>>> print(open('coords.cif').read())   # mmCIF, C-alpha atoms
data_upload
#
loop_
_atom_site.label_atom_id
_atom_site.label_comp_id
_atom_site.auth_asym_id
_atom_site.auth_seq_id
_atom_site.Cartn_x
_atom_site.Cartn_y
_atom_site.Cartn_z
CA MET A 1236 -144.69 -45.13 48.35
CA PHE A 1237 -141.89 -43.96 46.10
CA ARG A 1238 -140.37 -41.69 48.75
CA VAL A 1239 -140.68 -44.34 51.41
CA ALA A 1240 -138.81 -46.82 49.19
CA LEU A 1241 -135.96 -44.39 48.62
CA ARG A 1242 -135.68 -43.57 52.31
CA ARG A 1243 -135.53 -47.29 52.96
CA ALA A 1244 -132.73 -47.61 50.41
CA ALA A 1245 -130.73 -44.94 52.22
CA THR A 1246 -131.30 -46.31 55.72
CA LYS A 1247 -131.24 -50.08 55.44
CA ALA A 1248 -127.90 -50.38 53.56
CA PRO A 1249 -125.58 -49.91 56.58
CA ALA A 1250 -126.90 -53.12 58.11
CA GLN A 1251 -125.99 -55.17 55.06
CA SER A 1252 -122.42 -54.76 53.82
CA PRO A 1253 -119.42 -52.39 53.89
CA ARG A 1254 -120.00 -51.48 50.25
CA GLU A 1255 -123.61 -50.55 50.84
CA LEU A 1256 -122.57 -48.65 53.96
CA VAL A 1257 -120.27 -46.45 51.88
CA LEU A 1258 -122.90 -45.84 49.21
CA ALA A 1259 -125.78 -45.14 51.58
CA SER A 1260 -123.77 -42.56 53.51
CA THR A 1261 -123.19 -40.31 50.50
CA PRO A 1262 -125.00 -36.95 50.33
CA VAL A 1263 -126.37 -37.80 46.91
CA LEU A 1264 -128.15 -40.91 48.11
CA ARG A 1265 -129.49 -39.20 51.23
CA SER A 1266 -131.10 -36.51 49.05
CA TYR A 1267 -132.96 -38.84 46.70
CA ALA A 1268 -136.18 -38.92 48.67
CA THR A 1269 -136.76 -35.21 48.12
CA ASN A 1270 -136.93 -35.43 44.32
CA GLY A 1271 -139.43 -36.70 41.78
CA PRO A 1272 -138.78 -39.92 39.82
CA ASP A 1273 -136.88 -38.23 36.97
CA GLY A 1274 -134.73 -36.20 39.34
CA VAL A 1275 -133.93 -39.23 41.46
CA SER A 1276 -132.98 -41.47 38.55
CA ARG A 1277 -130.80 -38.76 37.03
CA GLN A 1278 -128.98 -38.17 40.31
CA MET A 1279 -128.48 -41.88 40.79
CA ILE A 1280 -127.02 -42.19 37.31
CA GLN A 1281 -124.74 -39.19 37.67
CA TYR A 1282 -123.52 -40.37 41.06
CA ALA A 1283 -123.01 -43.97 39.96
CA LEU A 1284 -121.13 -43.13 36.76
CA GLY A 1285 -119.08 -40.46 38.52
CA HIS A 1286 -118.15 -42.84 41.35
CA ALA A 1287 -117.20 -45.66 38.97
CA ARG A 1288 -115.10 -43.44 36.71
CA SER A 1289 -113.35 -41.52 39.50
CA HIS A 1290 -111.71 -44.73 40.76
CA ARG A 1291 -111.92 -47.03 37.71
CA SER A 1292 -111.55 -50.15 39.82
CA GLY A 1293 -113.53 -53.36 40.07
CA ASP A 1294 -114.87 -52.22 43.45
CA SER A 1295 -115.95 -48.77 42.26
CA TYR A 1296 -117.87 -50.25 39.33
CA ALA A 1297 -119.47 -52.84 41.61
CA GLN A 1298 -120.48 -50.14 44.07
CA ALA A 1299 -121.92 -48.01 41.29
CA MET A 1300 -123.91 -50.97 40.03
CA LEU A 1301 -125.33 -51.50 43.54
CA VAL A 1302 -126.70 -47.95 43.51
CA LEU A 1303 -128.42 -48.49 40.17
CA GLU A 1304 -129.75 -51.94 41.12
CA GLN A 1305 -131.25 -50.55 44.33
CA GLY A 1306 -132.91 -47.75 42.40
CA LEU A 1307 -134.20 -50.20 39.80
CA SER A 1308 -135.70 -52.36 42.53
CA ASN A 1309 -137.49 -49.37 44.05
CA PHE A 1310 -138.82 -48.07 40.75
CA ARG A 1311 -139.97 -51.53 39.73
CA GLY A 1312 -142.12 -51.59 42.83
CA GLY A 1313 -143.68 -48.26 41.87
CA GLY A 1314 -144.14 -49.23 38.23
CA ASP A 1315 -142.23 -46.22 36.84
CA GLU A 1316 -140.91 -47.71 33.60
CA GLU A 1317 -139.34 -44.47 32.34
CA ALA A 1318 -137.11 -44.26 35.42
CA MET A 1319 -136.39 -47.99 35.18
CA GLY A 1320 -135.33 -47.57 31.57
CA MET A 1321 -133.00 -44.70 32.41
CA LEU A 1322 -131.30 -46.76 35.11
CA MET A 1323 -130.91 -49.76 32.83
CA LEU A 1324 -129.31 -47.56 30.15
CA ALA A 1325 -126.77 -46.49 32.77
CA MET A 1326 -126.21 -50.09 33.87
CA SER A 1327 -125.55 -50.98 30.26
CA THR A 1328 -122.95 -48.21 30.09
CA LEU A 1329 -121.18 -49.51 33.20
CA HIS A 1330 -121.09 -53.02 31.75
CA TYR A 1331 -119.76 -51.65 28.48
CA GLU A 1332 -116.97 -49.68 30.12
CA ARG A 1333 -115.84 -52.83 31.93
CA GLY A 1334 -115.66 -54.68 28.62
CA ARG A 1335 -118.80 -56.73 29.24
CA LEU A 1336 -120.47 -55.98 25.94
CA ARG A 1337 -122.87 -58.88 26.05
CA ASP A 1338 -124.10 -57.90 29.53
CA ALA A 1339 -124.59 -54.37 28.21
CA PHE A 1340 -126.54 -55.79 25.30
CA GLU A 1341 -128.81 -57.73 27.67
CA LYS A 1342 -129.71 -54.60 29.66
CA LEU A 1343 -130.59 -52.74 26.48
CA GLU A 1344 -132.86 -55.57 25.37
CA MET A 1345 -134.63 -55.28 28.74
CA VAL A 1346 -135.21 -51.57 28.10
CA ARG A 1347 -136.78 -52.39 24.74
CA GLN A 1348 -139.23 -54.74 26.44
CA LEU A 1349 -140.63 -51.93 28.60
CA ARG A 1350 -143.98 -50.72 27.28
CA ARG A 1351 -144.64 -47.40 29.00
CA THR A 1352 -141.58 -45.38 28.03
CA SER A 1353 -140.98 -42.26 25.96
CA LEU A 1354 -139.86 -42.22 22.34
CA ALA A 1355 -136.57 -40.67 23.50
CA LEU A 1356 -135.84 -43.65 25.73
CA LYS A 1357 -136.85 -46.19 23.08
CA VAL A 1358 -134.55 -44.56 20.53
CA ALA A 1359 -131.65 -44.33 23.02
CA ALA A 1360 -131.90 -48.07 23.66
CA TRP A 1361 -132.16 -48.88 19.93
CA GLU A 1362 -129.26 -46.56 19.09
CA ALA A 1363 -127.03 -48.28 21.66
CA LEU A 1364 -128.15 -51.76 20.60
CA ILE A 1365 -127.23 -51.07 16.98
CA GLY A 1366 -123.94 -49.54 18.12
CA LEU A 1367 -123.09 -52.64 20.16
CA LYS A 1368 -124.08 -55.02 17.38
CA LEU A 1369 -121.81 -53.17 14.98
CA GLU A 1370 -118.95 -53.22 17.47
CA LEU A 1371 -119.44 -56.96 17.99
CA GLY A 1372 -119.18 -57.44 14.23
CA GLN A 1373 -122.86 -58.34 13.89
CA ASP A 1374 -123.87 -56.48 10.74
CA VAL A 1375 -127.59 -55.86 11.10
CA PRO A 1376 -129.60 -57.02 8.03
CA PRO A 1377 -131.13 -54.07 6.15
CA SER A 1378 -134.61 -55.62 6.44
CA VAL A 1379 -134.39 -55.79 10.23
CA LEU A 1380 -133.08 -52.24 10.39
CA ALA A 1381 -135.96 -51.03 8.22
CA ASP A 1382 -138.58 -52.81 10.35
CA ASP A 1383 -137.22 -51.47 13.64
CA PHE A 1384 -136.80 -48.00 12.21
CA SER A 1385 -140.37 -47.87 10.91
CA GLN A 1386 -141.67 -48.72 14.38
CA LEU A 1387 -139.76 -45.81 15.90
CA SER A 1388 -140.53 -43.24 13.20
CA ARG A 1389 -143.53 -40.98 13.48
CA LYS A 1390 -145.59 -39.72 10.60
CA SER A 1391 -145.76 -36.12 11.71
CA MET A 1392 -144.95 -32.71 10.31
CA GLU A 1393 -142.36 -31.97 13.00
CA VAL A 1394 -139.31 -34.21 13.30
CA SER A 1395 -138.07 -34.71 16.85
CA VAL A 1396 -134.52 -35.15 18.12
CA PRO A 1397 -135.10 -38.87 18.92
CA GLU A 1398 -136.22 -39.47 15.34
CA LEU A 1399 -133.10 -37.73 14.03
CA ARG A 1400 -131.01 -40.02 16.21
CA ALA A 1401 -132.89 -43.05 14.88
CA LYS A 1402 -132.18 -41.92 11.31
CA ALA A 1403 -128.51 -41.37 12.06
CA ILE A 1404 -127.87 -44.76 13.67
CA LYS A 1405 -129.71 -46.51 10.85
CA GLY A 1406 -127.64 -44.49 8.39
CA LEU A 1407 -124.46 -45.57 10.14
CA ALA A 1408 -125.52 -49.22 10.07
CA ASP A 1409 -126.40 -48.93 6.37
CA LEU A 1410 -123.00 -47.39 5.76
CA VAL A 1411 -121.24 -50.28 7.50
CA ASN A 1412 -123.38 -52.69 5.44
CA GLY A 1413 -122.25 -50.95 2.25
CA GLU A 1414 -125.78 -49.67 1.56
CA LEU A 1415 -124.66 -46.22 0.44
CA GLN A 1416 -127.86 -45.20 -1.34
CA SER A 1417 -130.01 -46.00 1.68
CA ALA A 1418 -127.60 -44.13 3.96
CA GLU A 1419 -127.59 -41.13 1.62
CA LEU A 1420 -131.39 -40.86 1.71
CA LEU A 1421 -131.36 -40.85 5.51
CA PHE A 1422 -128.58 -38.31 5.92
CA GLU A 1423 -129.84 -35.99 3.17
CA GLY A 1424 -133.15 -35.73 5.02
CA LEU A 1425 -131.56 -34.44 8.22
CA PRO A 1426 -132.40 -30.81 9.08
CA ASP A 1427 -130.15 -28.16 10.56
CA TYR A 1428 -128.21 -29.27 13.65
CA ASN A 1429 -129.03 -26.12 15.59
CA VAL A 1430 -131.86 -27.80 17.48
CA ARG A 1431 -132.69 -26.07 20.74
CA GLU A 1432 -134.46 -28.88 22.54
CA GLY A 1433 -132.16 -31.88 22.85
CA GLN A 1434 -129.32 -30.14 20.98
CA ASP A 1435 -126.78 -31.83 23.24
CA GLN A 1436 -128.00 -35.22 21.99
CA MET A 1437 -127.17 -34.37 18.37
CA GLY A 1438 -123.41 -34.99 18.53
CA ASN A 1439 -123.67 -38.57 17.30
CA VAL A 1440 -126.03 -37.49 14.52
CA ALA A 1441 -123.57 -34.89 13.21
CA LEU A 1442 -120.66 -37.33 13.56
CA SER A 1443 -122.34 -40.15 11.62
CA HIS A 1444 -123.45 -37.74 8.90
CA GLY A 1445 -119.91 -36.38 8.70
CA GLU A 1446 -118.51 -39.90 8.34
CA PHE A 1447 -120.85 -40.57 5.43
CA LEU A 1448 -119.68 -37.42 3.65
CA HIS A 1449 -116.04 -38.18 4.49
CA CYS A 1450 -116.02 -41.70 3.08
CA THR A 1451 -117.88 -40.60 -0.06
CA GLY A 1452 -115.46 -37.76 -0.82
CA SER A 1453 -117.25 -34.61 0.38
CA PHE A 1454 -114.34 -33.54 2.57
CA SER A 1455 -115.28 -29.89 3.09
CA SER A 1456 -118.84 -30.70 4.23
CA ALA A 1457 -117.56 -33.55 6.39
CA LYS A 1458 -115.11 -31.20 8.11
CA ASN A 1459 -117.93 -28.78 8.94
CA LEU A 1460 -120.00 -31.57 10.47
CA TYR A 1461 -117.11 -32.97 12.49
CA GLU A 1462 -116.49 -29.50 13.90
CA ARG A 1463 -120.20 -29.17 14.68
CA ALA A 1464 -120.15 -32.56 16.41
CA LEU A 1465 -117.24 -31.37 18.54
CA GLN A 1466 -119.07 -28.17 19.48
CA ILE A 1467 -122.13 -30.14 20.54
CA SER A 1468 -120.22 -32.84 22.42
CA GLU A 1469 -118.10 -30.29 24.27
CA GLY A 1470 -121.20 -28.39 25.40
CA LYS A 1471 -121.33 -27.42 29.07
CA ASP A 1472 -124.67 -29.12 29.72
CA ILE A 1473 -123.82 -32.42 28.07
CA SER A 1474 -123.76 -34.33 31.39
CA ASN A 1475 -127.41 -33.48 32.01
CA ASN A 1476 -128.53 -35.94 29.34
CA LEU A 1477 -126.33 -38.94 30.10
CA TYR A 1478 -129.48 -40.84 31.04
CA LEU A 1479 -130.66 -40.70 27.41
CA SER A 1480 -127.64 -42.47 25.93
CA SER A 1481 -125.77 -45.67 26.58
CA ALA A 1482 -122.75 -47.88 25.84
CA ASN A 1483 -120.74 -46.66 22.82
CA MET A 1484 -123.19 -43.86 22.02
CA ILE A 1485 -122.67 -41.74 25.15
CA PRO A 1486 -121.45 -38.11 24.77
CA GLU A 1487 -117.86 -39.00 25.71
CA GLU A 1488 -117.76 -41.55 22.88
CA GLY A 1489 -119.15 -38.96 20.47
CA LEU A 1490 -116.47 -36.49 21.53
CA LEU A 1491 -113.70 -39.05 21.07
CA GLY A 1492 -115.15 -40.17 17.74
CA ALA A 1493 -115.45 -36.64 16.34
CA THR A 1494 -111.93 -35.73 17.44
CA CYS A 1495 -110.45 -38.85 15.84
CA ALA A 1496 -112.54 -38.55 12.67
CA LEU A 1497 -111.51 -34.92 12.14
CA GLY A 1498 -107.87 -35.92 12.66
CA GLN A 1499 -108.22 -38.60 9.99
CA LEU A 1500 -109.85 -36.13 7.60
CA LEU A 1501 -107.05 -33.59 8.06
CA SER A 1502 -104.57 -36.37 7.31
CA HIS A 1503 -106.45 -37.17 4.09
CA LEU A 1504 -106.24 -33.45 3.22
CA GLY A 1505 -102.48 -33.51 3.76
CA LYS A 1506 -102.63 -31.26 6.85
CA PHE A 1507 -100.42 -33.53 8.89
CA GLN A 1508 -99.41 -31.21 11.71
CA GLU A 1509 -103.05 -30.42 12.52
CA ALA A 1510 -103.95 -34.09 12.10
CA GLU A 1511 -101.26 -35.20 14.53
CA GLU A 1512 -102.39 -32.65 17.11
CA LEU A 1513 -106.00 -33.81 16.93
CA LEU A 1514 -105.18 -37.51 16.94
CA THR A 1515 -102.89 -36.99 19.93
CA LYS A 1516 -105.76 -35.22 21.66
CA ALA A 1517 -108.02 -38.19 20.82
CA LEU A 1518 -105.42 -40.55 22.29
CA THR A 1519 -105.41 -38.57 25.53
CA LYS A 1520 -109.20 -38.62 25.66
CA ALA A 1521 -109.27 -42.40 25.14
CA GLU A 1522 -106.66 -43.00 27.84
CA ASN A 1523 -108.39 -40.69 30.32
CA HIS A 1524 -111.84 -42.17 29.81
CA PHE A 1525 -111.05 -45.87 29.33
CA GLY A 1526 -107.57 -46.32 30.77
CA SER A 1527 -104.23 -46.67 28.99
CA THR A 1528 -104.61 -50.41 28.27
CA HIS A 1529 -108.11 -50.35 26.76
CA PRO A 1530 -108.71 -51.53 23.15
CA LYS A 1531 -110.10 -48.06 22.30
CA VAL A 1532 -106.58 -46.74 22.80
CA GLY A 1533 -105.41 -49.33 20.27
CA ILE A 1534 -107.95 -48.02 17.76
CA VAL A 1535 -106.64 -44.46 18.07
CA LEU A 1536 -103.03 -45.65 17.83
CA THR A 1537 -103.95 -47.37 14.56
CA CYS A 1538 -105.32 -44.06 13.24
CA ILE A 1539 -102.07 -42.32 14.21
CA ALA A 1540 -99.96 -45.01 12.52
CA LEU A 1541 -101.98 -44.64 9.32
CA MET A 1542 -101.52 -40.87 9.47
CA PHE A 1543 -97.73 -41.31 9.65
CA LYS A 1544 -97.89 -43.79 6.76
CA HIS A 1545 -99.81 -41.31 4.60
CA LYS A 1546 -97.49 -38.47 5.62
CA ALA A 1547 -94.39 -40.50 4.70
CA LYS A 1548 -95.88 -41.31 1.30
CA MET A 1549 -96.92 -37.72 0.54
CA GLU A 1550 -93.63 -36.19 1.72
CA SER A 1551 -91.37 -38.98 0.39
CA SER A 1552 -90.00 -39.46 3.87
CA SER A 1553 -89.63 -42.40 6.24
CA SER A 1554 -91.25 -43.09 9.61
CA ILE A 1555 -90.84 -46.86 9.74
CA LEU A 1556 -89.73 -47.01 13.36
CA ILE A 1557 -92.57 -44.74 14.50
CA GLN A 1558 -95.17 -46.70 12.56
CA GLU A 1559 -93.84 -50.04 13.74
CA GLY A 1560 -93.97 -48.97 17.38
CA LEU A 1561 -97.53 -47.68 17.00
CA TYR A 1562 -98.75 -50.80 15.21
CA ARG A 1563 -97.13 -53.15 17.72
CA ARG A 1564 -98.67 -51.31 20.65
CA ALA A 1565 -102.07 -51.16 18.92
CA ILE A 1566 -102.04 -54.88 18.11
CA ASP A 1567 -101.18 -55.66 21.73
CA LEU A 1568 -103.99 -53.49 23.10
CA LEU A 1569 -106.48 -54.88 20.58
CA LYS A 1570 -105.66 -58.37 21.93
CA ALA A 1571 -105.08 -59.79 18.47
CA PRO A 1572 -104.77 -63.59 18.44
CA ALA A 1573 -101.62 -65.36 17.33
CA LEU A 1574 -101.07 -65.61 13.59
CA ASP A 1575 -101.31 -69.39 13.74
CA CYS A 1576 -104.64 -69.25 15.62
CA GLU A 1577 -107.20 -71.46 13.89
CA ASP A 1578 -110.55 -69.99 12.95
CA ALA A 1579 -109.13 -66.50 13.46
CA ALA A 1580 -111.92 -64.86 11.45
CA VAL A 1581 -114.48 -66.12 13.94
CA GLN A 1582 -112.59 -65.40 17.14
CA VAL A 1583 -111.26 -61.89 16.55
CA ASP A 1584 -113.01 -59.04 18.35
CA GLY A 1585 -112.71 -55.72 16.53
CA ARG A 1586 -111.52 -57.53 13.43
CA ASP A 1587 -111.67 -54.42 11.19
CA ILE A 1588 -109.06 -52.59 13.23
CA VAL A 1589 -106.98 -55.68 13.99
CA ALA A 1590 -106.81 -56.47 10.27
CA LEU A 1591 -105.93 -52.87 9.46
CA ALA A 1592 -103.20 -52.69 12.13
CA ARG A 1593 -101.70 -56.04 11.14
CA GLY A 1594 -101.98 -55.19 7.46
CA GLY A 1595 -100.13 -51.92 8.02
CA TYR A 1596 -97.49 -53.65 10.14
CA ALA A 1597 -97.09 -56.35 7.47
CA GLU A 1598 -96.25 -53.70 4.87
CA LEU A 1599 -93.40 -52.47 7.04
CA LEU A 1600 -92.07 -55.98 7.56
CA CYS A 1601 -92.24 -56.86 3.88
CA ILE A 1602 -89.80 -54.10 2.91
CA GLN A 1603 -87.22 -55.51 5.34
CA GLN A 1604 -85.47 -58.48 3.72
CA ASN A 1605 -84.84 -60.35 6.96
CA ARG A 1606 -88.49 -60.02 8.05
CA LYS A 1607 -90.25 -60.40 4.73
CA GLU A 1608 -91.47 -63.94 5.44
CA GLU A 1609 -93.08 -62.82 8.69
CA GLY A 1610 -94.63 -59.87 6.87
CA GLU A 1611 -96.15 -62.04 4.16
CA ARG A 1612 -97.65 -64.35 6.77
CA MET A 1613 -99.12 -61.37 8.64
CA ARG A 1614 -100.49 -59.85 5.43
CA LYS A 1615 -102.19 -63.11 4.49
CA TRP A 1616 -103.75 -63.32 7.97
CA ALA A 1617 -105.04 -59.74 7.76
CA LYS A 1618 -106.57 -60.28 4.31
CA THR A 1619 -108.30 -63.43 5.59
CA ILE A 1620 -110.22 -61.67 8.35
CA TRP A 1621 -110.95 -58.43 6.45
CA ARG A 1622 -114.72 -58.12 5.89
CA ASN A 1623 -115.33 -54.52 4.86
CA HIS A 1624 -118.24 -54.08 2.42
CA ARG A 1625 -116.84 -51.00 0.68
CA LEU A 1626 -113.06 -51.23 0.58
CA SER A 1627 -110.41 -53.87 0.13
CA LEU A 1628 -107.69 -54.02 2.77
CA ALA A 1629 -105.22 -52.61 0.24
CA GLN A 1630 -107.52 -49.65 -0.45
CA ALA A 1631 -107.99 -48.97 3.26
CA LEU A 1632 -104.24 -48.98 3.81
CA ASP A 1633 -103.33 -46.97 0.72
CA PHE A 1634 -105.71 -44.01 0.57
CA CYS A 1635 -105.36 -42.44 -2.87
CA GLU A 1636 -108.67 -40.79 -3.79
CA PRO A 1637 -111.57 -39.18 -1.85
CA PRO A 1638 -114.32 -41.71 -2.76
CA LYS A 1639 -112.11 -44.46 -1.33
CA ALA A 1640 -111.33 -42.74 1.95
CA PRO A 1641 -111.25 -45.19 4.89
CA VAL A 1642 -112.83 -43.78 8.03
CA ILE A 1643 -112.32 -45.46 11.39
CA ASP A 1644 -115.27 -44.97 13.74
CA THR A 1645 -113.90 -45.26 17.30
CA ARG A 1646 -117.42 -45.69 18.73
CA ILE A 1647 -117.99 -49.03 17.03
CA GLY A 1648 -114.41 -49.96 16.18
CA ARG A 1649 -115.18 -50.37 12.49
CA VAL A 1650 -113.76 -49.12 9.19
CA ILE A 1651 -116.51 -47.53 7.08
#
>>> encode(input="coords.cif", output="structure tokens")
Amino acid sequence: MFRVALRRAATKAPAQSPRELVLASTPVLRSYATNGPDGVSRQMIQYALGHARSHRSGDSYAQAMLVLEQGLSNFRGGGDEEAMGMLMLAMSTLHYERGRLRDAFEKLEMVRQLRRTSLALKVAAWEALIGLKLELGQDVPPSVLADDFSQLSRKSMEVSVPELRAKAIKGLADLVNGELQSAELLFEGLPDYNVREGQDQMGNVALSHGEFLHCTGSFSSAKNLYERALQISEGKDISNNLYLSSANMIPEEGLLGATCALGQLLSHLGKFQEAEELLTKALTKAENHFGSTHPKVGIVLTCIALMFKHKAKMESSSSILIQEGLYRRAIDLLKAPALDCEDAAVQVDGRDIVALARGGYAELLCIQQNRKEEGERMRKWAKTIWRNHRLSLAQALDFCEPPKAPVIDTRIGRVI
């Protein structure tokens, strides 16, 4: 029945629409009927994501979604919930990359409602859900995190890769919530990252652990973990496990996050040339993956502006024009509302980074006599929407000691 359904998907599409005609004529789709459920779903996902990203247009994403929807329909008929879950993770990723975070969230909730799926799939959906909630500014209550985590954890002697991922995303959420002791217990319990089975899924684990060490002052250990995260995320076989990750927790996001985090760390260590090289590399990665006008690019530009600010302070030099240009571009890409916008704290998406970028820009304006009034108004606005649990806006902008290091996580667009 499964093979018949896939053959039908490849043969009936030409009679329906030009888009379906294009998709059904591809070699990948014609070969689906010769594979088992896992192989078919993986090929569908790889084809759909590859097609969407190669063109990065509304049509290419719509066509990719058609492929996944057709596969989902076929698998639903056969009752294969594991394959259905994989496809819905990929659909969530497509929604996310088009900026439809709430649609992505809905697909992940549907995955969680499936009953006959593996632990790996359950954890991937939970990991992405937490990641999206954090990006949307919805700090997950510690009690809810603990309940969900306990349901996913196994009481066994051997800890699996999915369980390590569950620990890491809970640790990241605890860190954002300012629950440092809880986060420390989770990250201290993580074993060596040289895990053979599922090693290429450990990039986010190493990155989140590194961020914890970074923001609590263990710079040397954090550097080692960032470098390990890069090694994992740059692995040759990373694309083979795209079906076990989603939204802002996919391997590409881990690679961008680790590159940017290491650049920030090198800046905090005063290694500005190396920091600039890495942050420039992160900027290129963000532009290549998301497009040059995406908010993620604004996040990286904010990191670069902060690096130049710290460099100017440490070297008693000036880079006002460079910083101002970076902040202005970042604020534009982050789609920050007007300063006189009412209820700004409620309406701002990515408020951590918007507040940081506007706060940094305000400092530059305030030292210019003819723009000081504008700077004070911008500073007041930024302080109003700042909601970080660990640092004040002034501390985040004026790094002065390791335990107060601000770390921008590009995956979730938050300062931790």
>>> closest_residue(input="coords.cif", among="A:Ala1493, A:Leu1628, A:Ile1651, A:Leu1574", to="A:Gly1406", atoms="only C-alpha atoms")
A:Ile1651
>>> atom_distance(input="coords.cif", atom1="atom CA of A:Gly1314", atom2="atom CA of A:Ala1359")
20.3 Å
>>> resolve_selection(input="coords.cif", expression="the PyMOL selection byres ((chain A and resi 1374-1383) around 9)", output="PyMOL selection string")
chain A and resi 1361+1365+1368-1373+1384-1388+1405+1408-1409+1411-1412+1414
>>> residues_near_point(input="coords.cif", point="(-114.7, -39.4, 20.3)", cutoff="8 Å", atoms="only C-alpha atoms", output="ChimeraX atom specification")
/A:1487-1496,1517,1520-1521,1645-1646
>>> write_last_selection(input="coords.cif", atoms="C-alpha atoms", output="tab-separated table (two decimals), in the coordinates of the input")
chain	number	residue	atom	x	y	z
A	1487	GLU	CA	-117.86	-39.00	25.71
A	1488	GLU	CA	-117.76	-41.55	22.88
A	1489	GLY	CA	-119.15	-38.96	20.47
A	1490	LEU	CA	-116.47	-36.49	21.53
A	1491	LEU	CA	-113.70	-39.05	21.07
A	1492	GLY	CA	-115.15	-40.17	17.74
A	1493	ALA	CA	-115.45	-36.64	16.34
A	1494	THR	CA	-111.93	-35.73	17.44
A	1495	CYS	CA	-110.45	-38.85	15.84
A	1496	ALA	CA	-112.54	-38.55	12.67
A	1517	ALA	CA	-108.02	-38.19	20.82
A	1520	LYS	CA	-109.20	-38.62	25.66
A	1521	ALA	CA	-109.27	-42.40	25.14
A	1645	THR	CA	-113.90	-45.26	17.30
A	1646	ARG	CA	-117.42	-45.69	18.73
>>> atom_distance(input="coords.cif", atom1="atom CA of A:Arg1614", atom2="atom CA of A:Ile1602")
12.4 Å
>>> residues_around(input="coords.cif", residues="A:Leu1500", least_positions_apart="2", cutoff="9 Å", atoms="all atoms listed in the file", output="count of residues only")
16
>>> decode(input="coords.cif", residues="stretch 1618-1629 of chain A", atoms="C-alpha atoms", output="JSON list (two decimals), in the first residue's frame")
[["chain", "number", "residue", "atom", "x", "y", "z"],
["A", 1618, "LYS", "CA", 15.92, 50.36, 28.84],
["A", 1619, "THR", "CA", 12.12, 50.10, 28.82],
["A", 1620, "ILE", "CA", 12.01, 46.95, 26.71],
["A", 1621, "TRP", "CA", 15.10, 45.25, 28.19],
["A", 1622, "ARG", "CA", 14.02, 42.08, 30.04],
["A", 1623, "ASN", "CA", 17.20, 40.09, 30.62],
["A", 1624, "HIS", "CA", 17.17, 38.05, 33.85],
["A", 1625, "ARG", "CA", 20.93, 38.19, 34.45],
["A", 1626, "LEU", "CA", 22.28, 41.49, 33.18],
["A", 1627, "SER", "CA", 21.20, 45.10, 33.06],
["A", 1628, "LEU", "CA", 21.34, 46.80, 29.66],
["A", 1629, "ALA", "CA", 24.34, 48.83, 30.85]]
